[in-house]
Amino acid sequence: MDAFRGRSQTTKGIWMAKAQNIEPCTLVMDLEGTDGRERGEDDTAFEKQSALFALAVSDIVLINMWCHDIGREQAANKPLLKTVFQVMMRLFSPRKTTMLFVIRDKSKTPLENLEPILREDIQKIWDGVPKPHAHKDTPLSEFFNVQVVALNSYEEKEELFREQVSNLRDRFQQSIAPGGLAGDRRGVVPASGFSFSAQQFWKVIKENKDLDLPAHKVMVATVRCEEIGHEKVATFTADEEWQQFEEAVQSDYVPGFGKKISSLLDRCLSEYDMEAIYFDEGVRTSKRHQLESKLLQLVNPAYQSLLGHLRTRTLEAFKESFDKAVEKEGFAVAARDSTQIFLEKFDKGSEDATIQQVNWDPSKVKDKLKRDIEAHVVSVRATKLSELCATYEGKLTKALAEPVEALLDSASEDTWPAIRKLLQRETKAAVSGLESAISTFELDEATEKELLLRLENHGRSVVESKAREEAARILIRMKDRFSTLFSRDADSMPRVWTGKEDIKAITKTARSASMKLLSTMAAIRLEEDGDNIDTTLSLALVDAARPGTTDRSIQSLDPLASSSWERVPEERTLISPVQCKSLWRQFKAETEYTVTQAIAAQEANKRNNNWLPPPWALAAMAVLGFNEFMTLLRNPFYLAVMFVVFLVGKAMWVQLDIANEFRNGFLPALLSLSTKFVPTIMNILKRLADEGAAPAAPERQRETELQPRNNSSNSNVTSAGSSSLTSSENGPEYSSPVAQ
């Protein structure tokens, strides 16, 4: 320890002694200094092991630190403390230990300014050390009591140095007392067990490999190779060619990606090899692998994006090609061939994107492409099948709707058999066409049967829907049929109720036809199961209404007092028996007026056509008026007067339109004739006067007929010397000559 003989190691290993004049009994361990040249750069494990041993067994640890090393990384023993803390937390149960940092050769900087820096560095080391889960958030003060003391330079201020050392020595008196340097220690080992405890501590420390820290050249190689690696990563990232590739693959597929990226990676790794060739081979190789991994991590997103664009482009090309192929070939053949072709194209594209430095597997992207292709094929198949089904359903609907409506409107015994025959024929044709159309899809038997069965059911649903529509307006149909048969004859000409028609028979025929329509629309008869709806309705609605029906059992038991038909399922029932009864009652009520009007028209026609008196009255008039008749024949003057009176009366009859007036009733006719009688007489007299004052006309002019005065068959008197006969809407009209 003679300073004049040079500087060398003063302590080798660990020395232990009992402190003199210190109470209570205190053992002092002197540890070999760190970073000694005697051990060299390749043997730094012992200093870590000894430091950890001191922390494990001691209550107070004094750490010498040069004042000018505060703030430095290596000289301030920060890496050593970090390693020791980390291993200690893993190997031993933490105990309260006082770490007393002794700052040597204190400078002018006050201790109050140095101590916070030192404490902050210790806290950072503690925060950065990985800890067990139980002590993850435990503060440094829970396990270590950090204190700082400063000593002046021994060579420059020897007396002050000795005084400061003496004061520091005094602090170890009663150190385990409350408030002492080790006053709050825990996990105390009795003196008798100290030797065994220390041996066990040392054994555990020697067996731990984490303290075998690398040599200085390895550390230098590690740091430098890491720096070179970071530089190469930064250079690769800033490379314009790489940036262009990275930007290009974000929008579309880039051909030749694999070769170009492999070339960039080779260039970057070659530059690393050239710069790191003189460093430790193991470290250089390890860091090269790390550099390659980082570069591949940068490239991987671009590679995945490239595969994504390749998948999208392949899928779009497949869709376009597949749609065209379906039109030329069968669906199943087109799907198989197109799928195989475009999966092979994807394989070629992925091979072009392969990077030599890594063996990335594109199978996941290929599997996703395969799933997308299969999903598109399934979607197109579903669309095509749906279109085909809709087409044949539309054809079947068009072939059934109007014929079924016409057959239901005719309502005869053969209506439903004809509908069944029509349905069977059209359904068979549609099913055959659909079966031929879907044969190119190579569907499984169950799916094909399901589609054909759906088409058959559609045909039935069309008929049932049309039947339900017609049943909803059955009352209108019944009234229309009744009106047609009642108001028109066999030649479809309007009936004229002249009095010779049998209205009762016509009414019965029209109602029977309407009842037949009701019977036809009462239920859906697409099956050949027999039913008695027609008989039931005839029995209940027609036979029961006959006056001659006297069977009380028929009258007392109403066959329509039910909500369902016998042998007819509820789902095939369109109009229930109760509804039929109600509809028939309403139908009769609404058609009764038509029948009544026909009867009234027939009676009125009979009255209008019967102008002559009864035969007995004519015979009485002939017998009683024989004398008067003979008198007229003997006296021509009376006969002429009677003839003139007849002509004037006939003219008045025509002018006043008496026949039409009396058709409106007796009293209204009298009132109307009373208002028109005098004006008509005056009009006739005025015309006679006007024609008498006019000069004689040529013969043909005298024979000219008078023009009618009004629209209701009026006749004028001419100035000719003979009478002429004219016609009107109500019968023959006569005009008589009147002399001036």
# chains A, B, ... in the order shown; residues from 1 in each chain; ligands from 1

call {"tool": "residues_around", "arguments": {"residues": "Leu181 in chain A", "least_positions_apart": "2", "cutoff": "12 Å", "atoms": "only C-alpha atoms", "output": "PyMOL selection string"}}
result
chain A and resi 58-62+96-100+144-148+168-179+183-185

call {"tool": "residues_around", "arguments": {"residues": "Glu292 in chain A", "least_positions_apart": "5", "cutoff": "9 Å", "atoms": "only C-alpha atoms", "output": "ChimeraX atom specification"}}
result
/A:229,265,269,287,297,357

call {"tool": "residues_around", "arguments": {"residues": "range 332-336 of chain A", "least_positions_apart": "3", "cutoff": "10 Å", "atoms": "only C-alpha atoms", "output": "MDAnalysis selection string"}}
result
chainID A and resid 318 321:329 339:341 373:374 376:378 381 439:443

call {"tool": "residues_around", "arguments": {"residues": "Glu464 in chain A", "least_positions_apart": "5", "cutoff": "12 Å", "atoms": "only C-alpha atoms", "output": "PyMOL selection string"}}
result
chain A and resi 397+400-401+404-405+408+416+419-420+423+457-459+469-471+521+523-526+571-574

call {"tool": "write_last_selection", "arguments": {"atoms": "N, CA, C and O atoms", "output": "CSV table (one decimal), in the first residue's frame"}}
result
chain,number,residue,atom,x,y,z
A,397,THR,N,-96.7,-19.3,-63.7
A,397,THR,CA,-97.8,-18.4,-63.3
A,397,THR,C,-98.6,-17.9,-64.5
A,397,THR,O,-99.8,-17.8,-64.4
A,400,LEU,N,-100.9,-20.4,-65.9
A,400,LEU,CA,-102.0,-20.9,-65.0
A,400,LEU,C,-103.0,-19.8,-64.7
A,400,LEU,O,-104.2,-20.1,-64.6
A,401,ALA,N,-102.6,-18.6,-64.4
A,401,ALA,CA,-103.4,-17.6,-63.8
A,401,ALA,C,-104.7,-17.3,-64.6
A,401,ALA,O,-105.8,-17.5,-64.1
A,404,VAL,N,-107.0,-20.5,-65.3
A,404,VAL,CA,-107.7,-20.9,-64.0
A,404,VAL,C,-108.8,-19.9,-63.7
A,404,VAL,O,-109.9,-20.3,-63.3
A,405,GLU,N,-108.5,-18.6,-63.9
A,405,GLU,CA,-109.6,-17.6,-63.6
A,405,GLU,C,-110.8,-17.8,-64.6
A,405,GLU,O,-112.0,-17.7,-64.1
A,408,LEU,N,-112.7,-21.0,-63.4
A,408,LEU,CA,-113.4,-20.8,-62.2
A,408,LEU,C,-114.7,-19.9,-62.5
A,408,LEU,O,-115.7,-20.1,-61.9
A,416,TRP,N,-113.1,-28.1,-61.8
A,416,TRP,CA,-111.9,-28.5,-61.1
A,416,TRP,C,-111.1,-29.7,-61.8
A,416,TRP,O,-109.9,-29.7,-61.8
A,419,ILE,N,-109.1,-27.9,-64.2
A,419,ILE,CA,-108.0,-27.2,-63.5
A,419,ILE,C,-106.9,-28.1,-63.2
A,419,ILE,O,-105.7,-27.9,-63.3
A,420,ARG,N,-107.3,-29.3,-62.6
A,420,ARG,CA,-106.3,-30.3,-62.3
A,420,ARG,C,-105.5,-30.8,-63.5
A,420,ARG,O,-104.2,-30.9,-63.5
A,423,LEU,N,-103.2,-27.9,-64.5
A,423,LEU,CA,-102.0,-27.8,-63.5
A,423,LEU,C,-101.0,-28.9,-63.8
A,423,LEU,O,-99.8,-28.6,-63.8
A,457,ASN,N,-94.9,-26.9,-56.0
A,457,ASN,CA,-95.7,-26.2,-55.0
A,457,ASN,C,-96.1,-24.8,-55.4
A,457,ASN,O,-97.1,-24.3,-55.1
A,458,HIS,N,-95.2,-24.2,-56.2
A,458,HIS,CA,-95.5,-22.9,-56.7
A,458,HIS,C,-96.7,-22.9,-57.6
A,458,HIS,O,-97.6,-22.0,-57.6
A,459,GLY,N,-96.8,-24.0,-58.5
A,459,GLY,CA,-97.9,-24.1,-59.4
A,459,GLY,C,-99.2,-24.3,-58.6
A,459,GLY,O,-100.3,-23.7,-58.9
A,469,GLU,N,-108.6,-15.5,-54.5
A,469,GLU,CA,-109.0,-14.2,-55.0
A,469,GLU,C,-110.4,-14.3,-55.6
A,469,GLU,O,-111.2,-13.3,-55.3
A,470,GLU,N,-110.7,-15.3,-56.3
A,470,GLU,CA,-112.1,-15.4,-56.9
A,470,GLU,C,-113.1,-15.6,-55.8
A,470,GLU,O,-114.2,-15.1,-55.9
A,471,ALA,N,-112.7,-16.4,-54.8
A,471,ALA,CA,-113.7,-16.6,-53.7
A,471,ALA,C,-113.9,-15.4,-52.9
A,471,ALA,O,-115.0,-15.2,-52.3
A,521,MET,N,-116.7,-22.6,-56.0
A,521,MET,CA,-115.7,-21.8,-55.2
A,521,MET,C,-115.7,-22.1,-53.8
A,521,MET,O,-114.9,-21.5,-53.0
A,523,ALA,N,-114.5,-24.7,-52.2
A,523,ALA,CA,-113.3,-25.4,-51.7
A,523,ALA,C,-112.4,-25.6,-52.9
A,523,ALA,O,-112.8,-25.6,-54.0
A,524,ILE,N,-111.1,-25.8,-52.5
A,524,ILE,CA,-110.0,-26.1,-53.5
A,524,ILE,C,-110.0,-27.6,-53.7
A,524,ILE,O,-109.9,-28.4,-52.8
A,525,ARG,N,-110.2,-28.1,-55.0
A,525,ARG,CA,-110.3,-29.5,-55.3
A,525,ARG,C,-109.1,-29.9,-56.2
A,525,ARG,O,-109.4,-30.3,-57.4
A,526,LEU,N,-107.9,-29.7,-55.8
A,526,LEU,CA,-106.8,-30.1,-56.6
A,526,LEU,C,-106.5,-31.6,-56.4
A,526,LEU,O,-105.7,-32.2,-57.1
A,571,GLU,N,-107.6,-26.4,-44.5
A,571,GLU,CA,-106.7,-25.6,-45.4
A,571,GLU,C,-107.2,-25.5,-46.8
A,571,GLU,O,-106.7,-24.6,-47.5
A,572,ARG,N,-108.1,-26.4,-47.2
A,572,ARG,CA,-108.6,-26.4,-48.6
A,572,ARG,C,-109.9,-25.7,-48.7
A,572,ARG,O,-110.5,-25.6,-49.8
A,573,THR,N,-110.5,-25.3,-47.6
A,573,THR,CA,-111.8,-24.6,-47.6
A,573,THR,C,-111.6,-23.2,-47.9
A,573,THR,O,-110.8,-22.4,-47.3
A,574,LEU,N,-112.4,-22.7,-48.9
A,574,LEU,CA,-112.4,-21.3,-49.3
A,574,LEU,C,-113.6,-20.6,-48.7
A,574,LEU,O,-113.4,-19.4,-48.2

call {"tool": "closest_residue", "arguments": {"among": "A:Tyr638, A:Phe245, A:Phe331, A:Phe346", "to": "Thr314 in chain A", "atoms": "only C-alpha atoms"}}
result
A:Phe346

call {"tool": "select_by_dssp", "arguments": {"residues": "range 236-370 of chain A", "states": "alpha helix (DSSP H)", "output": "VMD selection string"}}
result
chain A and resid 236 to 238 240 to 248 257 to 275 281 to 328 331 to 352 363 to 370

call {"tool": "atom_distance", "arguments": {"atom1": "CA of Ser562 in chain A", "atom2": "CA of Gln586 in chain A"}}
result
18.3 Å

call {"tool": "atom_distance", "arguments": {"atom1": "CA of Lys232 in chain A", "atom2": "CA of Cys268 in chain A"}}
result
6.4 Å

call {"tool": "residues_around", "arguments": {"residues": "Ser50 in chain A", "least_positions_apart": "5", "cutoff": "9 Å", "atoms": "only C-alpha atoms", "output": "compact mmCIF listing (two decimals) with C-alpha atoms, in the first residue's frame"}}
result
# COMPACT_ATOMS: atom_id res chain seq x y z
CA GLY A 13 -10.75 -11.94 -2.44
CA ILE A 14 -12.83 -11.20 0.66
CA LEU A 31 -14.01 -6.90 -0.72
CA GLU A 32 -11.72 -6.92 -3.70
CA ALA A 45 -17.56 -12.46 -12.58
CA LEU A 55 -25.55 -7.34 -0.10
CA TRP A 202 -21.91 -18.23 -1.53
CA ILE A 205 -24.18 -17.20 -5.89

call {"tool": "closest_residue", "arguments": {"among": "A:Gln49, A:Gly649, A:Leu451, A:Ser519", "to": "Glu413 in chain A", "atoms": "only C-alpha atoms"}}
result
A:Ser519
